[in-house]
Amino acid sequence: MIVGVVGAGQLARMMIPAAVQLGIELRVLAEADGMSAQLAQTAVGDYRDAATVLEFARGVDVLTFDHEHVPQDVLRAVVDAGIRVAPGPDALLFAQDKREMRRRMSELGAPQPDWAPVDSDDDLQAFLDAHGGAAILKTAKGGYDGKGVRRVTSVTDARDWIDAAVSGEGPQLLVEELVDFTRELSQQLARSIRGEIVSWPLVETVQRDSVCAEVYAPARAGAGDARKRAAEAAEIAHLIAEGVGVTGVMAVELFETADGRVLVNELAMRPHNSGHWTIEGSTTSQFEQHLRAVLDLPLGTADMVRPAAVMVNVLGGPSSGRMEDVYANALAACPDVHFHSYAKTARPGRKVGHVTAIGDDVQRVADRAGVGARFFEV
């Protein structure tokens, strides 16, 4: 079995051990030499060029992705060539284009913030007038980790984005209600080609400067009925997975609101940062499960191996030297914490690795993971 992966970031890198374990040959198309998944790199080229992707994909059993940025025309050229793509272009559209995603959520009846497309000053002003004078403006494509998101209280706040969108020089826009949320959650599942679905526990994500910093599995109790909330999140994710026909791992990022609602924020159709804890914390990691799903193999169970798991991202990295230079001290001080390096150079705010701790008491586990991560953020 041969799986081709477009993109050579840390997600492709973390697919490598799972592929080796299953005896799967992993081939990676990298944007450049020296990226995180260089261990499995078999080609270097532009994922936006159909000829490049087609050449890479010949001979693989299925083509999948480290990211969702491959253009629709390239995806459809690969499908037209008779090469299996998972997830397919029809599903990936809803992770690539937030306007299309919001429209589809409305059709499915999935709970989400009020929203509207913005194609003019009048569109934005009308939404602001109907929603208390403040809202969240987003670019429909290209935004992640807080990019492409702006809080606005007037058309003036969005002047540059609207002008660019109207002229065609910038992405289309949408506006969403300013949600009064108490925390962010993520519900992950995997869906195989034959339609088998397996879900992991609902997790809580903690953001720092709009970047995921910590993940608690399962989500801490919070207010209200935790079991009811978890069941609701799983039901929403199942509805979406079936409704968009996704194949592989999907993460549904959610807002938990002050009045007890759970609302869909964004979708990711690939392994996701909120699921890195599954490598050590679940019977089947998200990376193994993704490979199983796209190859239409039976899915593994997603039970937690201990009652609690906490993942902490290493953001930025050491101010000098490499992460490897810190290993001796970190491993000696935290022998029960799992360290993952993405083989990236340090840069402020950049995800260069993560650490995970598992155990019985969530606060103790979180403390251990935090200590481990701080070794690399100096």
# chains A, B, ... in the order shown; residues from 1 in each chain; ligands from 1

call {"tool": "residues_around", "arguments": {"residues": "region 122-134 of chain A", "least_positions_apart": "6", "cutoff": "9 Å", "atoms": "only C-alpha atoms", "output": "PDB file with N, CA and C atoms, in the first residue's frame"}}
result
ATOM      1  N   TRP A 115     -24.167  34.655  10.446  1.00  0.00           N
ATOM      2  CA  TRP A 115     -23.123  35.061   9.505  1.00  0.00           C
ATOM      3  C   TRP A 115     -23.771  35.605   8.238  1.00  0.00           C
ATOM      4  N   ALA A 116     -22.948  36.214   7.403  1.00  0.00           N
ATOM      5  CA  ALA A 116     -23.422  36.692   6.108  1.00  0.00           C
ATOM      6  C   ALA A 116     -22.215  36.904   5.196  1.00  0.00           C
ATOM      7  N   ARG A 151     -11.680  41.905  14.113  1.00  0.00           N
ATOM      8  CA  ARG A 151     -12.854  42.438  14.824  1.00  0.00           C
ATOM      9  C   ARG A 151     -13.151  43.818  14.257  1.00  0.00           C
ATOM     10  N   VAL A 152     -14.398  44.056  13.870  1.00  0.00           N
ATOM     11  CA  VAL A 152     -14.756  45.328  13.249  1.00  0.00           C
ATOM     12  C   VAL A 152     -15.967  45.936  13.939  1.00  0.00           C
ATOM     13  N   THR A 153     -15.989  47.257  13.972  1.00  0.00           N
ATOM     14  CA  THR A 153     -17.134  47.985  14.493  1.00  0.00           C
ATOM     15  C   THR A 153     -17.665  48.997  13.487  1.00  0.00           C
ATOM     16  N   SER A 154     -17.008  49.069  12.322  1.00  0.00           N
ATOM     17  CA  SER A 154     -17.451  49.991  11.274  1.00  0.00           C
ATOM     18  C   SER A 154     -16.922  49.518   9.933  1.00  0.00           C
ATOM     19  N   VAL A 155     -17.484  50.035   8.868  1.00  0.00           N
ATOM     20  CA  VAL A 155     -16.997  49.731   7.525  1.00  0.00           C
ATOM     21  C   VAL A 155     -15.560  50.223   7.365  1.00  0.00           C
ATOM     22  N   ALA A 158     -12.784  47.866   7.867  1.00  0.00           N
ATOM     23  CA  ALA A 158     -12.614  46.819   6.862  1.00  0.00           C
ATOM     24  C   ALA A 158     -12.327  47.382   5.470  1.00  0.00           C
ATOM     25  N   LEU A 174     -16.539  37.221   4.640  1.00  0.00           N
ATOM     26  CA  LEU A 174     -17.775  36.930   5.345  1.00  0.00           C
ATOM     27  C   LEU A 174     -17.695  37.573   6.717  1.00  0.00           C
ATOM     28  N   VAL A 175     -18.845  37.807   7.315  1.00  0.00           N
ATOM     29  CA  VAL A 175     -18.893  38.392   8.643  1.00  0.00           C
ATOM     30  C   VAL A 175     -19.686  37.470   9.552  1.00  0.00           C
ATOM     31  N   GLU A 176     -19.246  37.375  10.811  1.00  0.00           N
ATOM     32  CA  GLU A 176     -19.893  36.502  11.783  1.00  0.00           C
ATOM     33  C   GLU A 176     -20.187  37.291  13.051  1.00  0.00           C
ATOM     34  N   GLU A 177     -21.213  36.835  13.765  1.00  0.00           N
ATOM     35  CA  GLU A 177     -21.527  37.490  15.033  1.00  0.00           C
ATOM     36  C   GLU A 177     -20.358  37.348  15.998  1.00  0.00           C
ATOM     37  N   LEU A 178     -20.209  38.335  16.847  1.00  0.00           N
ATOM     38  CA  LEU A 178     -19.187  38.315  17.888  1.00  0.00           C
ATOM     39  C   LEU A 178     -19.693  37.415  19.006  1.00  0.00           C
TER      40      LEU A 178
END

call {"tool": "closest_atom_pairs", "arguments": {"of": "region 25-99 of chain A", "to": "region 276-300 of chain A", "cutoff": "8 Å", "atoms": "only C-alpha atoms", "output": "tab-separated table"}}
result
residue	atom	partner	partner_atom	distance
A:Asp61	CA	A:Leu295	CA	7.7
A:Val62	CA	A:Leu295	CA	6.9
A:Thr64	CA	A:Val294	CA	7.5
A:Ala86	CA	A:Val294	CA	5.7
A:Pro87	CA	A:Val294	CA	7.5

call {"tool": "residues_around", "arguments": {"residues": "Val20 (chain A)", "least_positions_apart": "3", "cutoff": "12 Å", "atoms": "only C-alpha atoms", "output": "list in words"}}
result
Met1, Ile2, Val3, Arg13, Met14, Met15, Ile16, Pro17, Gly23, Ile24, Glu25, Leu26, Arg27, Leu39, Ala40, Phe287, Glu288 and Leu291 of chain A

call {"tool": "write_last_selection", "arguments": {"atoms": "all heavy atoms", "output": "short mmCIF file (atom, residue, chain, number, x, y, z; two decimals), in the first residue's frame"}}
result
data_model
loop_
_atom_site.label_atom_id
_atom_site.label_comp_id
_atom_site.auth_asym_id
_atom_site.auth_seq_id
_atom_site.Cartn_x
_atom_site.Cartn_y
_atom_site.Cartn_z
N MET A 1 0.85 -1.20 0.00
CA MET A 1 0.00 0.00 0.00
C MET A 1 0.88 1.24 0.00
O MET A 1 1.84 1.34 0.77
CB MET A 1 -0.92 0.01 1.22
CG MET A 1 -1.96 -1.12 1.21
SD MET A 1 -3.03 -1.10 2.67
CE MET A 1 -1.86 -1.68 3.92
N ILE A 2 0.53 2.20 -0.86
CA ILE A 2 1.32 3.42 -1.00
C ILE A 2 0.39 4.62 -0.82
O ILE A 2 -0.61 4.75 -1.52
CB ILE A 2 2.00 3.51 -2.37
CG1 ILE A 2 2.89 2.28 -2.62
CG2 ILE A 2 2.83 4.79 -2.47
CD1 ILE A 2 3.45 2.22 -4.02
N VAL A 3 0.74 5.48 0.12
CA VAL A 3 -0.02 6.70 0.37
C VAL A 3 0.85 7.89 -0.01
O VAL A 3 1.99 8.01 0.48
CB VAL A 3 -0.45 6.81 1.85
CG1 VAL A 3 -1.14 8.16 2.11
CG2 VAL A 3 -1.37 5.66 2.23
N ARG A 13 5.02 14.65 8.85
CA ARG A 13 6.11 14.06 9.64
C ARG A 13 5.57 13.04 10.64
O ARG A 13 6.15 11.95 10.81
CB ARG A 13 6.87 15.17 10.38
CG ARG A 13 8.03 14.70 11.27
CD ARG A 13 8.61 15.89 12.02
NE ARG A 13 9.70 15.51 12.91
CZ ARG A 13 10.98 15.46 12.57
NH1 ARG A 13 11.34 15.75 11.33
NH2 ARG A 13 11.91 15.11 13.45
N MET A 14 4.45 13.38 11.30
CA MET A 14 3.91 12.49 12.32
C MET A 14 3.11 11.33 11.73
O MET A 14 2.73 10.41 12.46
CB MET A 14 3.09 13.30 13.32
CG MET A 14 3.99 14.12 14.25
SD MET A 14 3.10 15.04 15.55
CE MET A 14 2.69 16.55 14.66
N MET A 15 2.87 11.35 10.42
CA MET A 15 2.30 10.17 9.76
C MET A 15 3.34 9.09 9.54
O MET A 15 3.00 7.91 9.37
CB MET A 15 1.70 10.55 8.41
CG MET A 15 0.42 11.35 8.45
SD MET A 15 -0.24 11.61 6.77
CE MET A 15 -1.17 13.12 7.00
N ILE A 16 4.63 9.46 9.54
CA ILE A 16 5.68 8.51 9.19
C ILE A 16 5.74 7.33 10.15
O ILE A 16 5.73 6.17 9.70
CB ILE A 16 7.04 9.22 9.08
CG1 ILE A 16 7.01 10.26 7.95
CG2 ILE A 16 8.16 8.21 8.83
CD1 ILE A 16 8.25 11.15 7.89
N PRO A 17 5.80 7.53 11.49
CA PRO A 17 5.84 6.36 12.38
C PRO A 17 4.62 5.45 12.23
O PRO A 17 4.74 4.23 12.28
CB PRO A 17 5.90 6.99 13.78
CG PRO A 17 6.44 8.35 13.56
CD PRO A 17 5.90 8.79 12.24
N GLY A 23 3.32 -0.86 7.90
CA GLY A 23 3.94 -1.38 6.69
C GLY A 23 3.48 -0.66 5.43
O GLY A 23 3.49 -1.23 4.33
N ILE A 24 3.07 0.60 5.58
CA ILE A 24 2.62 1.41 4.45
C ILE A 24 3.78 2.25 3.93
O ILE A 24 4.54 2.82 4.71
CB ILE A 24 1.47 2.35 4.90
CG1 ILE A 24 0.23 1.52 5.29
CG2 ILE A 24 1.12 3.37 3.82
CD1 ILE A 24 -0.81 2.32 6.03
N GLU A 25 3.91 2.32 2.63
CA GLU A 25 4.91 3.20 2.03
C GLU A 25 4.33 4.61 1.95
O GLU A 25 3.27 4.82 1.37
CB GLU A 25 5.32 2.72 0.64
CG GLU A 25 6.37 3.62 -0.01
CD GLU A 25 6.76 3.18 -1.41
OE1 GLU A 25 6.49 2.01 -1.77
OE2 GLU A 25 7.33 4.01 -2.16
N LEU A 26 5.03 5.56 2.55
CA LEU A 26 4.59 6.94 2.54
C LEU A 26 5.48 7.75 1.61
O LEU A 26 6.71 7.72 1.73
CB LEU A 26 4.66 7.53 3.97
CG LEU A 26 3.74 8.71 4.29
CD1 LEU A 26 2.29 8.27 4.30
CD2 LEU A 26 4.12 9.32 5.64
N ARG A 27 4.86 8.44 0.67
CA ARG A 27 5.58 9.33 -0.23
C ARG A 27 5.10 10.75 -0.01
O ARG A 27 3.89 10.98 0.10
CB ARG A 27 5.35 8.93 -1.69
CG ARG A 27 5.84 7.52 -2.02
CD ARG A 27 5.54 7.19 -3.48
NE ARG A 27 5.92 5.81 -3.81
CZ ARG A 27 5.70 5.22 -4.98
NH1 ARG A 27 5.09 5.92 -5.95
NH2 ARG A 27 6.07 3.97 -5.19
N LEU A 39 12.10 13.12 5.93
CA LEU A 39 12.43 11.70 6.03
C LEU A 39 11.66 10.86 5.01
O LEU A 39 12.14 9.80 4.59
CB LEU A 39 12.14 11.18 7.44
CG LEU A 39 13.08 11.67 8.55
CD1 LEU A 39 12.52 11.27 9.92
CD2 LEU A 39 14.48 11.09 8.37
N ALA A 40 10.47 11.32 4.62
CA ALA A 40 9.66 10.58 3.65
C ALA A 40 9.52 11.34 2.33
O ALA A 40 8.73 10.95 1.48
CB ALA A 40 8.27 10.30 4.23
N PHE A 287 -3.00 9.92 13.47
CA PHE A 287 -2.20 9.71 12.28
C PHE A 287 -2.38 8.29 11.73
O PHE A 287 -2.53 8.10 10.52
CB PHE A 287 -0.73 10.04 12.57
CG PHE A 287 -0.56 11.45 13.02
CD1 PHE A 287 -0.42 11.77 14.37
CD2 PHE A 287 -0.58 12.48 12.10
CE1 PHE A 287 -0.29 13.08 14.78
CE2 PHE A 287 -0.46 13.81 12.50
CZ PHE A 287 -0.31 14.10 13.84
N GLU A 288 -2.38 7.31 12.62
CA GLU A 288 -2.68 5.95 12.18
C GLU A 288 -4.11 5.86 11.67
O GLU A 288 -4.38 5.24 10.62
CB GLU A 288 -2.48 4.96 13.33
CG GLU A 288 -2.83 3.53 12.93
CD GLU A 288 -2.66 2.51 14.04
OE1 GLU A 288 -1.96 2.81 15.04
OE2 GLU A 288 -3.23 1.41 13.91
N LEU A 291 -4.51 7.23 8.13
CA LEU A 291 -4.03 6.30 7.11
C LEU A 291 -5.01 5.15 6.92
O LEU A 291 -5.29 4.74 5.79
CB LEU A 291 -2.64 5.78 7.49
CG LEU A 291 -1.52 6.82 7.51
CD1 LEU A 291 -0.24 6.21 8.04
CD2 LEU A 291 -1.29 7.42 6.12
#

call {"tool": "closest_atom_pairs", "arguments": {"of": "region 301-323 of chain A", "to": "region 350-355 of chain A", "cutoff": "7 Å", "atoms": "only C-alpha atoms", "output": "Markdown table"}}
result
| residue | atom | partner | partner_atom | distance |
| --- | --- | --- | --- | --- |
| A:Met311 | CA | A:Val355 | CA | 5.7 |
| A:Val312 | CA | A:Val355 | CA | 5.4 |
| A:Asn313 | CA | A:His354 | CA | 4.2 |
| A:Val314 | CA | A:Gly353 | CA | 5.0 |
| A:Leu315 | CA | A:Lys351 | CA | 4.7 |
| A:Gly316 | CA | A:Arg350 | CA | 4.7 |
| A:Gly317 | CA | A:Val352 | CA | 6.2 |

call {"tool": "decode", "arguments": {"residues": "region 329-343 of chain A", "atoms": "all heavy atoms", "output": "mmCIF file, in the first residue's frame"}}
result
data_model
loop_
_atom_site.group_PDB
_atom_site.id
_atom_site.type_symbol
_atom_site.label_atom_id
_atom_site.label_comp_id
_atom_site.auth_asym_id
_atom_site.auth_seq_id
_atom_site.Cartn_x
_atom_site.Cartn_y
_atom_site.Cartn_z
ATOM 1 N N ASN A 329 18.737 17.797 29.425
ATOM 2 C CA ASN A 329 18.137 18.335 30.648
ATOM 3 C C ASN A 329 16.636 18.049 30.715
ATOM 4 O O ASN A 329 16.098 17.689 31.760
ATOM 5 C CB ASN A 329 18.374 19.846 30.725
ATOM 6 C CG ASN A 329 19.834 20.188 30.986
ATOM 7 O OD1 ASN A 329 20.581 19.389 31.542
ATOM 8 N ND2 ASN A 329 20.246 21.383 30.581
ATOM 9 N N ALA A 330 15.941 18.195 29.573
ATOM 10 C CA ALA A 330 14.492 17.992 29.558
ATOM 11 C C ALA A 330 14.137 16.539 29.848
ATOM 12 O O ALA A 330 13.230 16.254 30.645
ATOM 13 C CB ALA A 330 13.922 18.418 28.212
ATOM 14 N N LEU A 331 14.819 15.621 29.214
ATOM 15 C CA LEU A 331 14.506 14.212 29.396
ATOM 16 C C LEU A 331 14.840 13.740 30.807
ATOM 17 O O LEU A 331 14.141 12.898 31.377
ATOM 18 C CB LEU A 331 15.258 13.370 28.370
ATOM 19 C CG LEU A 331 14.867 13.594 26.902
ATOM 20 C CD1 LEU A 331 15.784 12.800 25.981
ATOM 21 C CD2 LEU A 331 13.417 13.222 26.657
ATOM 22 N N ALA A 332 15.898 14.289 31.384
ATOM 23 C CA ALA A 332 16.258 13.917 32.755
ATOM 24 C C ALA A 332 15.236 14.449 33.753
ATOM 25 O O ALA A 332 14.864 13.757 34.711
ATOM 26 C CB ALA A 332 17.649 14.459 33.092
ATOM 27 N N ALA A 333 14.778 15.662 33.528
ATOM 28 C CA ALA A 333 13.839 16.277 34.470
ATOM 29 C C ALA A 333 12.419 15.748 34.309
ATOM 30 O O ALA A 333 11.650 15.742 35.271
ATOM 31 C CB ALA A 333 13.846 17.797 34.282
ATOM 32 N N CYS A 334 12.055 15.304 33.091
ATOM 33 C CA CYS A 334 10.676 14.896 32.800
ATOM 34 C C CYS A 334 10.669 13.527 32.121
ATOM 35 O O CYS A 334 10.300 13.411 30.937
ATOM 36 C CB CYS A 334 9.994 15.933 31.907
ATOM 37 S SG CYS A 334 10.043 17.615 32.519
ATOM 38 N N PRO A 335 11.064 12.479 32.821
ATOM 39 C CA PRO A 335 11.183 11.169 32.172
ATOM 40 C C PRO A 335 9.864 10.554 31.735
ATOM 41 O O PRO A 335 9.855 9.617 30.931
ATOM 42 C CB PRO A 335 11.870 10.307 33.244
ATOM 43 C CG PRO A 335 11.511 10.965 34.543
ATOM 44 C CD PRO A 335 11.480 12.430 34.237
ATOM 45 N N ASP A 336 8.729 11.080 32.242
ATOM 46 C CA ASP A 336 7.431 10.515 31.875
ATOM 47 C C ASP A 336 6.658 11.443 30.933
ATOM 48 O O ASP A 336 5.447 11.275 30.744
ATOM 49 C CB ASP A 336 6.599 10.210 33.113
ATOM 50 C CG ASP A 336 6.353 11.447 33.969
ATOM 51 O OD1 ASP A 336 7.015 12.478 33.742
ATOM 52 O OD2 ASP A 336 5.484 11.386 34.866
ATOM 53 N N VAL A 337 7.329 12.423 30.331
ATOM 54 C CA VAL A 337 6.716 13.344 29.370
ATOM 55 C C VAL A 337 7.247 13.017 27.979
ATOM 56 O O VAL A 337 8.429 12.711 27.811
ATOM 57 C CB VAL A 337 7.013 14.815 29.746
ATOM 58 C CG1 VAL A 337 6.555 15.764 28.647
ATOM 59 C CG2 VAL A 337 6.328 15.173 31.060
ATOM 60 N N HIS A 338 6.378 13.068 26.990
ATOM 61 C CA HIS A 338 6.745 12.704 25.619
ATOM 62 C C HIS A 338 7.041 13.964 24.809
ATOM 63 O O HIS A 338 6.204 14.868 24.718
ATOM 64 C CB HIS A 338 5.610 11.911 24.966
ATOM 65 C CG HIS A 338 5.235 10.685 25.726
ATOM 66 N ND1 HIS A 338 5.872 9.482 25.580
ATOM 67 C CD2 HIS A 338 4.271 10.493 26.679
ATOM 68 C CE1 HIS A 338 5.335 8.583 26.383
ATOM 69 N NE2 HIS A 338 4.363 9.169 27.062
ATOM 70 N N PHE A 339 8.226 14.022 24.218
ATOM 71 C CA PHE A 339 8.682 15.190 23.482
ATOM 72 C C PHE A 339 8.644 14.918 21.981
ATOM 73 O O PHE A 339 9.056 13.852 21.518
ATOM 74 C CB PHE A 339 10.111 15.558 23.897
ATOM 75 C CG PHE A 339 10.238 15.958 25.336
ATOM 76 C CD1 PHE A 339 10.442 15.008 26.328
ATOM 77 C CD2 PHE A 339 10.146 17.296 25.714
ATOM 78 C CE1 PHE A 339 10.551 15.371 27.664
ATOM 79 C CE2 PHE A 339 10.245 17.667 27.045
ATOM 80 C CZ PHE A 339 10.448 16.704 28.021
ATOM 81 N N HIS A 340 8.176 15.907 21.222
ATOM 82 C CA HIS A 340 8.116 15.804 19.761
ATOM 83 C C HIS A 340 8.717 17.059 19.143
ATOM 84 O O HIS A 340 8.250 18.173 19.403
ATOM 85 C CB HIS A 340 6.669 15.665 19.283
ATOM 86 C CG HIS A 340 5.998 14.410 19.733
ATOM 87 N ND1 HIS A 340 5.872 13.301 18.929
ATOM 88 C CD2 HIS A 340 5.425 14.090 20.927
ATOM 89 C CE1 HIS A 340 5.233 12.343 19.601
ATOM 90 N NE2 HIS A 340 4.956 12.797 20.812
ATOM 91 N N SER A 341 9.736 16.886 18.326
ATOM 92 C CA SER A 341 10.332 17.997 17.591
ATOM 93 C C SER A 341 9.877 17.938 16.139
ATOM 94 O O SER A 341 9.796 16.870 15.539
ATOM 95 C CB SER A 341 11.861 17.926 17.644
ATOM 96 O OG SER A 341 12.432 18.867 16.752
ATOM 97 N N TYR A 342 9.597 19.115 15.541
ATOM 98 C CA TYR A 342 9.163 19.182 14.151
ATOM 99 C C TYR A 342 10.311 19.502 13.196
ATOM 100 O O TYR A 342 10.087 19.728 12.008
ATOM 101 C CB TYR A 342 8.065 20.240 13.988
ATOM 102 C CG TYR A 342 6.837 20.012 14.844
ATOM 103 C CD1 TYR A 342 5.972 21.060 15.134
ATOM 104 C CD2 TYR A 342 6.534 18.753 15.367
ATOM 105 C CE1 TYR A 342 4.834 20.864 15.903
ATOM 106 C CE2 TYR A 342 5.414 18.548 16.141
ATOM 107 C CZ TYR A 342 4.564 19.612 16.418
ATOM 108 O OH TYR A 342 3.444 19.406 17.198
ATOM 109 N N ALA A 343 11.546 19.529 13.725
ATOM 110 C CA ALA A 343 12.726 19.819 12.900
ATOM 111 C C ALA A 343 12.602 21.158 12.182
ATOM 112 O O ALA A 343 12.944 21.297 11.019
ATOM 113 C CB ALA A 343 12.979 18.701 11.898
#
